[in-house]
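Pasting data_27.cif here (mmCIF, C-alpha atoms and all ligand atoms):
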```cif
data_run
loop_
_atom_site.label_atom_id
_atom_site.label_comp_id
_atom_site.auth_asym_id
_atom_site.auth_seq_id
_atom_site.Cartn_x
_atom_site.Cartn_y
_atom_site.Cartn_z
CA MET N 118 -8.56 37.84 -16.89
CA THR N 119 -8.51 34.20 -17.93
CA ALA N 120 -7.40 31.85 -15.19
CA LEU N 121 -4.98 29.10 -16.14
CA PRO N 122 -6.22 25.69 -15.01
CA ALA N 123 -4.09 24.72 -11.98
CA ARG N 124 -3.36 21.36 -13.56
CA ILE N 125 -1.69 23.06 -16.57
CA ALA N 126 0.47 25.25 -14.33
CA SER N 127 1.73 22.25 -12.34
CA LEU N 128 2.47 19.88 -15.26
CA PRO N 129 6.18 19.16 -15.89
CA LYS N 130 7.25 21.09 -18.96
CA ALA N 131 9.97 21.43 -21.56
CA GLU N 132 11.27 24.87 -22.59
CA LEU N 133 12.84 24.82 -26.06
CA HIS N 134 13.34 28.47 -27.03
CA VAL N 135 15.03 30.42 -24.28
CA HIS N 136 18.20 32.49 -24.43
CA LEU N 137 20.47 32.15 -21.40
CA GLU N 138 21.71 35.73 -21.77
CA GLY N 139 18.13 36.98 -22.07
CA SER N 140 17.21 35.36 -18.77
CA MET N 141 19.17 37.55 -16.36
CA PRO N 142 17.03 39.22 -13.70
CA PRO N 143 18.01 42.86 -12.99
CA ALA N 144 19.65 41.79 -9.70
CA THR N 145 21.85 39.31 -11.58
CA VAL N 146 22.93 41.94 -14.11
CA ALA N 147 23.87 44.28 -11.25
CA LYS N 148 25.77 41.42 -9.57
CA ILE N 149 27.71 40.54 -12.74
CA ALA N 150 28.53 44.19 -13.49
CA ALA N 151 29.80 44.64 -9.92
CA ARG N 152 32.18 41.69 -10.44
CA HIS N 153 33.87 43.93 -13.04
CA ASP N 154 33.67 47.14 -10.98
CA VAL N 155 30.91 48.60 -13.11
CA ALA N 156 28.13 50.25 -11.14
CA VAL N 157 24.76 49.32 -12.63
CA SER N 158 21.65 49.57 -10.48
CA GLU N 159 18.77 47.12 -10.70
CA GLU N 160 16.60 50.15 -11.40
CA GLU N 161 18.65 51.03 -14.47
CA VAL N 162 18.35 47.47 -15.80
CA ARG N 163 14.59 47.58 -15.24
CA ARG N 164 14.40 50.84 -17.16
CA ARG N 165 16.39 49.34 -20.05
CA TYR N 166 14.17 46.24 -20.18
CA ALA N 167 11.55 48.14 -22.23
CA TYR N 168 11.68 48.65 -26.01
CA GLN N 169 10.07 50.68 -28.75
CA ASP N 170 10.85 48.07 -31.39
CA PHE N 171 12.98 45.05 -32.36
CA VAL N 172 16.11 47.11 -33.07
CA GLU N 173 15.99 48.69 -29.62
CA PHE N 174 15.61 45.24 -28.08
CA ILE N 175 18.77 44.05 -29.92
CA GLU N 176 20.63 47.10 -28.59
CA THR N 177 19.60 46.27 -25.03
CA PHE N 178 20.61 42.64 -25.53
CA LYS N 179 24.07 43.86 -26.57
CA TRP N 180 24.24 46.15 -23.53
CA VAL N 181 23.22 43.51 -21.03
CA THR N 182 25.61 40.89 -22.43
CA SER N 183 28.50 43.37 -22.34
CA PHE N 184 28.88 42.55 -18.62
CA LEU N 185 29.54 38.87 -19.35
CA ARG N 186 33.31 39.00 -19.57
CA GLU N 187 34.73 35.76 -18.23
CA PRO N 188 33.69 32.13 -17.86
CA ALA N 189 32.75 32.52 -14.17
CA ASP N 190 30.11 35.12 -15.13
CA TYR N 191 28.35 32.47 -17.19
CA GLY N 192 28.44 30.08 -14.25
CA VAL N 193 26.69 32.69 -12.10
CA ILE N 194 23.90 33.33 -14.59
CA VAL N 195 23.28 29.60 -15.14
CA GLN N 196 22.55 29.25 -11.41
CA ASP N 197 19.81 31.91 -11.47
CA PHE N 198 18.49 30.65 -14.81
CA ALA N 199 18.17 27.04 -13.65
CA GLU N 200 16.55 27.98 -10.33
CA ALA N 201 13.93 30.01 -12.23
CA LEU N 202 13.20 27.07 -14.56
CA LEU N 203 12.69 24.71 -11.61
CA THR N 204 10.09 27.02 -10.03
CA GLN N 205 8.15 26.82 -13.32
CA HIS N 206 8.18 22.99 -13.30
CA VAL N 207 10.53 22.88 -16.28
CA VAL N 208 12.30 19.50 -16.30
CA TYR N 209 14.04 19.80 -19.67
CA ALA N 210 15.33 22.83 -21.54
CA GLU N 211 17.24 23.51 -24.73
CA ALA N 212 18.79 26.86 -23.95
CA THR N 213 20.36 29.08 -26.57
CA LEU N 214 23.84 30.52 -26.13
CA SER N 215 24.91 33.56 -28.16
CA ILE N 216 28.23 32.09 -29.22
CA GLY N 217 28.45 34.62 -32.06
CA VAL N 218 28.46 37.43 -29.50
CA MET N 219 31.14 35.70 -27.41
CA GLN N 220 33.36 35.35 -30.47
CA LEU N 221 32.79 38.95 -31.52
CA ARG N 222 34.03 40.01 -28.09
CA GLY N 223 37.16 37.89 -28.46
CA GLN N 224 36.08 35.37 -25.81
CA ASN N 225 36.74 31.65 -25.89
CA PRO N 226 33.31 29.99 -26.18
CA ARG N 227 34.77 26.69 -25.08
CA ALA N 228 35.92 28.13 -21.74
CA ASN N 229 32.55 29.82 -21.21
CA PHE N 230 30.79 26.58 -22.07
CA ALA N 231 32.88 24.60 -19.60
CA ALA N 232 31.76 26.99 -16.82
CA ILE N 233 28.16 26.69 -18.02
CA LEU N 234 28.25 22.89 -17.95
CA GLU N 235 29.81 22.86 -14.51
CA ALA N 236 27.09 25.14 -13.12
CA ALA N 237 24.35 23.14 -14.84
CA GLU N 238 25.54 19.77 -13.59
CA GLY N 239 24.20 20.19 -10.05
CA PHE N 240 20.70 20.73 -11.40
CA GLU N 241 20.50 17.31 -13.08
CA THR N 242 20.05 15.64 -9.69
CA ARG N 243 17.33 18.18 -8.89
CA GLY N 244 15.37 17.09 -11.94
CA LEU N 245 16.39 19.64 -14.56
CA ARG N 246 18.13 18.44 -17.71
CA LEU N 247 19.78 21.27 -19.61
CA ARG N 248 20.91 20.99 -23.22
CA TRP N 249 22.35 23.77 -25.36
CA VAL N 250 21.85 25.41 -28.73
CA TRP N 251 24.88 27.19 -30.17
CA ASP N 252 23.65 30.30 -31.88
CA ALA N 253 25.22 32.56 -34.50
CA VAL N 254 24.12 36.13 -35.20
CA ARG N 255 22.78 36.48 -38.72
CA GLN N 256 23.99 40.02 -39.39
CA PHE N 257 27.57 39.09 -38.38
CA GLY N 258 27.82 37.16 -41.65
CA VAL N 259 28.42 33.70 -43.06
CA GLU N 260 32.06 33.27 -41.97
CA ALA N 261 31.23 34.21 -38.38
CA ALA N 262 28.36 31.69 -38.40
CA LEU N 263 30.68 28.99 -39.70
CA SER N 264 33.14 29.66 -36.90
CA VAL N 265 30.34 29.06 -34.36
CA VAL N 266 29.72 25.65 -35.93
CA GLU N 267 33.43 24.80 -35.95
CA ALA N 268 33.81 25.85 -32.29
CA ALA N 269 30.87 23.60 -31.40
CA GLY N 270 32.54 20.72 -33.23
CA GLU N 271 35.76 21.24 -31.25
CA CYS N 272 33.85 20.92 -27.97
CA LYS N 273 32.69 17.39 -28.82
CA SER N 274 29.97 17.69 -26.19
CA ASP N 275 26.77 15.65 -26.35
CA LYS N 276 25.15 18.49 -24.37
CA ILE N 277 25.21 20.66 -27.54
CA VAL N 278 22.11 19.53 -29.40
CA ALA N 279 21.66 22.10 -32.12
CA PHE N 280 23.00 24.97 -34.15
CA GLY N 281 20.83 28.02 -34.79
CA ILE N 282 20.90 31.53 -36.15
CA GLY N 283 19.29 34.50 -34.44
CA GLY N 284 19.62 38.27 -34.72
CA ASP N 285 18.19 40.32 -37.55
CA GLU N 286 16.52 38.02 -40.09
CA ARG N 287 16.20 40.95 -42.53
CA SER N 288 19.99 41.29 -42.86
CA ILE N 289 21.31 38.34 -44.94
CA PRO N 290 19.18 35.80 -46.87
CA ALA N 291 18.99 32.35 -45.26
CA LYS N 292 20.22 30.56 -48.40
CA GLU N 293 23.66 32.18 -48.00
CA PHE N 294 24.13 30.00 -44.92
CA ARG N 295 23.54 26.73 -46.76
CA HIS N 296 27.05 25.31 -46.33
CA VAL N 297 27.11 26.44 -42.69
CA TYR N 298 24.06 24.28 -41.97
CA GLY N 299 25.54 21.48 -44.05
CA ARG N 300 28.59 21.49 -41.81
CA ALA N 301 26.44 21.61 -38.66
CA GLY N 302 24.58 18.55 -39.92
CA ASP N 303 27.85 16.73 -40.64
CA LEU N 304 28.85 17.36 -37.02
CA GLY N 305 25.61 15.82 -35.77
CA MET N 306 23.90 19.03 -34.77
CA ARG N 307 20.17 19.59 -35.27
CA LYS N 308 19.13 22.71 -37.20
CA LEU N 309 17.25 25.78 -35.99
CA ILE N 310 16.74 29.35 -37.14
CA HIS N 311 14.85 32.47 -36.08
CA ALA N 312 12.55 33.34 -39.01
CA GLY N 313 9.17 34.90 -39.55
CA GLU N 314 9.49 36.90 -36.34
CA VAL N 315 9.73 40.40 -37.84
CA GLY N 316 10.31 39.16 -41.40
CA GLY N 317 7.75 37.71 -43.78
CA PRO N 318 6.61 34.10 -44.38
CA GLU N 319 9.07 33.82 -47.28
CA ASN N 320 11.91 33.77 -44.73
CA ILE N 321 10.43 30.64 -43.14
CA ARG N 322 9.99 28.89 -46.46
CA GLU N 323 13.52 29.78 -47.52
CA ALA N 324 14.98 28.36 -44.29
CA ILE N 325 13.09 25.09 -44.73
CA GLU N 326 13.95 24.68 -48.41
CA HIS N 327 17.59 25.77 -48.35
CA LEU N 328 18.78 24.90 -44.84
CA GLY N 329 16.60 21.97 -43.81
CA VAL N 330 15.79 23.52 -40.43
CA GLU N 331 13.81 21.28 -38.08
CA ARG N 332 12.06 23.89 -35.91
CA ILE N 333 11.41 27.57 -36.52
CA GLY N 334 12.14 30.22 -33.91
CA HIS N 335 8.94 32.30 -33.75
CA GLY N 336 7.62 31.76 -37.30
CA ILE N 337 4.47 33.69 -36.50
CA ALA N 338 4.48 35.24 -40.00
CA ALA N 339 3.28 31.84 -41.27
CA PHE N 340 -0.35 32.81 -40.60
CA ARG N 341 -0.08 35.24 -43.55
CA ASP N 342 0.59 32.41 -46.03
CA PRO N 343 -1.98 29.55 -46.13
CA ALA N 344 0.21 27.39 -48.40
CA LEU N 345 3.08 27.71 -45.92
CA MET N 346 0.75 26.75 -43.06
CA ASP N 347 -0.15 23.61 -45.03
CA LEU N 348 3.53 22.81 -45.54
CA LEU N 349 4.36 23.23 -41.83
CA ALA N 350 1.42 21.03 -40.86
CA GLU N 351 2.22 18.34 -43.46
CA ARG N 352 5.88 18.14 -42.50
CA GLN N 353 5.13 18.64 -38.81
CA ILE N 354 7.71 21.41 -38.47
CA PRO N 355 7.13 23.11 -35.11
CA LEU N 356 7.03 26.83 -34.50
CA GLU N 357 8.65 27.99 -31.26
CA VAL N 358 6.06 30.59 -30.34
CA CYS N 359 6.92 33.23 -27.73
CA PRO N 360 3.87 35.50 -27.26
CA ALA N 361 5.18 37.99 -24.67
CA SER N 362 8.31 38.49 -26.76
CA ASN N 363 6.21 39.26 -29.83
CA ILE N 364 4.38 41.99 -27.92
CA CYS N 365 7.52 43.50 -26.33
CA THR N 366 9.59 43.66 -29.53
CA GLY N 367 6.70 44.92 -31.64
CA ALA N 368 6.94 41.78 -33.83
CA LEU N 369 3.20 41.16 -33.50
CA ASP N 370 2.48 44.75 -34.60
CA VAL N 371 4.70 44.19 -37.65
CA GLN N 372 2.98 40.93 -38.60
CA LEU N 373 -0.53 42.31 -38.10
CA GLY N 374 0.25 45.72 -39.63
CA VAL N 375 -1.14 47.55 -36.59
CA THR N 376 0.17 49.42 -33.56
CA GLY N 377 -0.50 48.27 -30.02
CA ALA N 378 -1.52 44.69 -30.86
CA THR N 379 -2.82 42.73 -27.86
CA ILE N 380 -2.13 39.16 -26.82
CA GLU N 381 -5.69 38.16 -27.83
CA GLN N 382 -4.80 39.04 -31.45
CA HIS N 383 -1.87 36.59 -31.54
CA PRO N 384 -2.06 34.03 -34.40
CA LEU N 385 -1.06 31.10 -32.15
CA PRO N 386 -4.59 29.56 -32.08
CA THR N 387 -4.87 29.83 -35.89
CA LEU N 388 -1.51 28.14 -36.40
CA PHE N 389 -2.14 25.43 -33.80
CA ARG N 390 -5.65 24.61 -35.07
CA HIS N 391 -4.22 24.32 -38.58
CA GLY N 392 -2.27 21.30 -37.31
CA ILE N 393 1.13 22.97 -36.95
CA PRO N 394 3.07 21.77 -33.89
CA ILE N 395 3.57 24.58 -31.37
CA VAL N 396 6.40 24.75 -28.87
CA LEU N 397 5.36 27.43 -26.38
CA SER N 398 8.39 29.34 -25.11
CA THR N 399 9.64 32.47 -23.34
CA ASP N 400 12.56 33.62 -25.59
CA ASP N 401 14.21 36.18 -23.24
CA PRO N 402 12.01 35.83 -20.16
CA THR N 403 13.42 38.51 -17.85
CA MET N 404 13.79 40.98 -20.70
CA PHE N 405 10.14 40.39 -21.66
CA HIS N 406 8.81 40.16 -18.09
CA THR N 407 7.49 36.66 -18.59
CA THR N 408 7.74 33.05 -17.42
CA LEU N 409 6.68 29.80 -19.08
CA THR N 410 3.67 29.68 -16.74
CA ARG N 411 2.68 33.16 -17.89
CA GLU N 412 2.96 32.08 -21.55
CA TYR N 413 0.39 29.36 -20.85
CA GLU N 414 -1.80 32.06 -19.30
CA ASN N 415 -1.31 34.07 -22.48
CA ALA N 416 -2.35 31.08 -24.60
CA ALA N 417 -5.47 30.67 -22.42
CA LYS N 418 -6.27 34.37 -22.98
CA MET N 419 -6.13 33.70 -26.74
CA GLY N 420 -8.96 31.23 -26.24
CA LEU N 421 -7.14 27.90 -26.17
CA GLU N 422 -9.05 25.22 -24.26
CA LYS N 423 -7.59 23.13 -21.44
CA ALA N 424 -7.17 20.05 -23.68
CA GLU N 425 -5.35 22.18 -26.26
CA LEU N 426 -3.01 23.56 -23.62
CA GLU N 427 -2.27 20.01 -22.44
CA ARG N 428 -1.48 19.05 -26.01
CA ILE N 429 0.98 21.96 -26.24
CA VAL N 430 2.69 20.86 -23.01
CA GLU N 431 3.17 17.41 -24.60
CA MET N 432 4.53 18.93 -27.80
CA GLY N 433 7.39 20.49 -25.85
CA PHE N 434 8.64 16.97 -25.18
CA THR N 435 7.73 15.41 -28.53
CA HIS N 436 9.66 18.03 -30.46
CA ALA N 437 12.71 18.19 -28.19
CA PHE N 438 15.98 17.07 -29.73
CA ARG N 439 16.77 14.65 -26.88
ZN ZN N 501 14.96 33.90 -29.69
#
```

Just give me the structure of the file as structure tokens.
Ligand SMILES: [Zn+2]
Amino acid sequence: MTALPARIASLPKAELHVHLEGSMPPATVAKIAARHDVAVSEEEVRRRYAYQDFVEFIETFKWVTSFLREPADYGVIVQDFAEALLTQHVVYAEATLSIGVMQLRGQNPRANFAAILEAAEGFETRGLRLRWVWDAVRQFGVEAALSVVEAAGECKSDKIVAFGIGGDERSIPAKEFRHVYGRAGDLGMRKLIHAGEVGGPENIREAIEHLGVERIGHGIAAFRDPALMDLLAERQIPLEVCPASNICTGALDVQLGVTGATIEQHPLPTLFRHGIPIVLSTDDPTMFHTTLTREYENAAKMGLEKAELERIVEMGFTHAFR
């Protein structure tokens, strides 16, 4: 086992790719379900937090978010989320909210967001600044994505820093969302997308060329395309790399064309040493049994030196939107 230098563990950090709804510990899920008279044991949640592949992970994400039914539920999960970030020395986070899922369930994202902001406010004085990414679900379609952008615009909140698209990148081509991103830009939102996670490098290129995205969620497929690696390095477009997630969803297996890929086989060192900015992140930390500290341990296991890890800590701040 590779030890993480103590200095790296204790440095203040930024976390830029983390889903609020993917950060619920089993006890929190049980607590939220109980608020709605649904009996779910922590044990059951633990059992569900294991996946054969990406599709099964998406199914579990849907299951776990099905207990989030009213604004107060979101307030509860923000408390646990923010406490966990503080223990990892995170001082700034851009957390993703699955607004597309809220809308699909007929909820009012604005009311949920008000509860989220209220819960987050108390943490500012404790040294944690939280900003938010409003996320659409790719397979829900273009109109649904546009309604996420419009709902964000109606909020007029400077705490919303970006618009992004997650979900299944193999469902609808990125270029179909061109006017959605155009509208997000008009409203002053920065642009993100999940691409090159389970899909190929062409998905990353397409998102850059057609949507003007400023950071790529995952993007690990880039290592398969040297010309794309050059482009990312030249334009300094960061990849939000989430190693534990890539193992748990089988994304690393897909990209390497193997089964049972290990963390040491992750392309992060190749991408980083090619000059591509890396934003090391946890994605859905409780669902992938990880923390930001553990992701730095993972990066050390891949062979990154102390100075390189320090550089990655810095990049979290350099490539933040605020
Ligand atoms: Zn993600």

Using all atoms listed in the file, which of N:Val172, N:Ile354, N:Ile289, N:Cys365 sits nearest Ala437 in chain N?
-> N:Ile354

May I have the protein, DNA and RNA residues with any atom at most 7 Å from the point (18.2, 17.7, -27.8), counting only C-alpha atoms, written as an MDAnalysis selection string?
-> chainID N and resid 211 248 278 437:439

Can you tell me how far CA of Gly302 in chain N sits from CA of Val265 in chain N, in Å to one decimal?
->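 Computed distance, CA of Gly302 in chain N to CA of Val265 in chain N, equals 13.2 Å.
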
One-decimal distance in Å that lies between CA of Thr399 in chain N and CA of Arg322 in chain N |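 Separation between CA of Arg322 in chain N and CA of Thr399 in chain N: 23.4 Å.
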
When the cut-off is 9 Å and you count only C-alpha atoms and all ligand atoms, which residues lie near ligand ZN 501 (chain N), shown as a PyMOL selection string?
-> chain N and resi 134-136+139+213+283-284+310-311+334-335+357+359+362+399-401

Using all atoms listed in the file, pick whichever of N:Pro226, N:Gly420, N:Pro343, N:Gly374 has the shortest atom-to-atom distance to Glu271 in chain N.
->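 With all atoms listed in the file as the atom set, the closest residue is N:Pro226.
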
In Å, with one decimal, what is the gap from CA of Phe178 in chain N to CA of Leu309 in chain N?
->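 CA of Leu309 in chain N lies 20.1 Å from CA of Phe178 in chain N.
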
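Taking all atoms listed in the file into account, Tyr209 in chain N lies nearest to N:Ala237 out of the set N:Ala237, N:Ile194, N:Leu185, N:Ala228.
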
Taking into account only C-alpha atoms, which residue in the set N:Glu422, N:Met346, N:Lys273, N:Arg428 is nearest to His391 in chain N?
->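 Checking each of N:Glu422, N:Met346, N:Lys273, N:Arg428 against His391 in chain N, counting only C-alpha atoms, the winner is N:Met346.
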
For Leu348 in chain N, please output as an MDAnalysis selection string all residues within 12 Å (counting all atoms listed in the file; exclusion window: fewer than 3 positions along the same chain).
-> chainID N and resid 318 321:322 325:326 339:340 342:345 351:355 388 391:394

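The residue set within 10 Å of Met141 in chain N, counting all atoms listed in the file and dropping same-chain residues fewer than 4 places from it, reads N:His136, N:Leu137, N:Thr145, N:Val146, N:Ala147, N:Ile149, N:Val162, N:Val181, N:Thr182, N:Val193, N:Ile194, N:Val195, N:Asp197, N:Phe198, N:Asp401, N:Pro402, N:Thr403, N:Met404.
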
Keeping only C-alpha atoms, write those residues as a PDB file, in the coordinates of the input.
```pdb
ATOM      1  CA  HIS N 136      18.200  32.490 -24.430  1.00  0.00           C
ATOM      2  CA  LEU N 137      20.470  32.150 -21.400  1.00  0.00           C
ATOM      3  CA  THR N 145      21.850  39.310 -11.580  1.00  0.00           C
ATOM      4  CA  VAL N 146      22.930  41.940 -14.110  1.00  0.00           C
ATOM      5  CA  ALA N 147      23.870  44.280 -11.250  1.00  0.00           C
ATOM      6  CA  ILE N 149      27.710  40.540 -12.740  1.00  0.00           C
ATOM      7  CA  VAL N 162      18.350  47.470 -15.800  1.00  0.00           C
ATOM      8  CA  VAL N 181      23.220  43.510 -21.030  1.00  0.00           C
ATOM      9  CA  THR N 182      25.610  40.890 -22.430  1.00  0.00           C
ATOM     10  CA  VAL N 193      26.690  32.690 -12.100  1.00  0.00           C
ATOM     11  CA  ILE N 194      23.900  33.330 -14.590  1.00  0.00           C
ATOM     12  CA  VAL N 195      23.280  29.600 -15.140  1.00  0.00           C
ATOM     13  CA  ASP N 197      19.810  31.910 -11.470  1.00  0.00           C
ATOM     14  CA  PHE N 198      18.490  30.650 -14.810  1.00  0.00           C
ATOM     15  CA  ASP N 401      14.210  36.180 -23.240  1.00  0.00           C
ATOM     16  CA  PRO N 402      12.010  35.830 -20.160  1.00  0.00           C
ATOM     17  CA  THR N 403      13.420  38.510 -17.850  1.00  0.00           C
ATOM     18  CA  MET N 404      13.790  40.980 -20.700  1.00  0.00           C
TER      19      MET N 404
END
```

Which one of N:Ala232, N:Val396, N:Ala189, N:Val254 sits closest to Phe434 in chain N if you count only C-alpha atoms?
->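 Of N:Ala232, N:Val396, N:Ala189, N:Val254, the one nearest Phe434 in chain N, counting only C-alpha atoms, is N:Val396.
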
Which is closer to Gly313 in chain N than all the others in N:Ser127, N:Gln372, N:Thr366, N:Ser140, using all atoms listed in the file?
->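 Closest residue, counting all atoms listed in the file: N:Gln372.
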
Neighbour list for Ala361 in chain N as a PyMOL selection string, cut-off 12 Å, all atoms listed in the file, skip fewer than 5 positions in-chain = chain N and resi 335+366-369+378-381+383+385+397-416

Can you pull out every residue within 8 Å of Ile125 in chain N, counting only C-alpha atoms, but drop anything in the same chain fewer than 4 positions away, and send it as a PyMOL selection string?
-> chain N and resi 121+413+423+426-427

Near-Leu263 in chain N list (12 Å; only C-alpha atoms; drop same-chain fewer than 5 positions) as a PyMOL selection string = chain N and resi 216-217+220+251-255+257-258+268-270+280-282+293-301

Name the residues, using the chain letters and numbers of the file, that sit within 10 Å of (28.3, 24.1, -13.3) when counting only C-alpha atoms, and give them as a ChimeraX atom specification.
-> /N:189,191-193,195-196,230-240
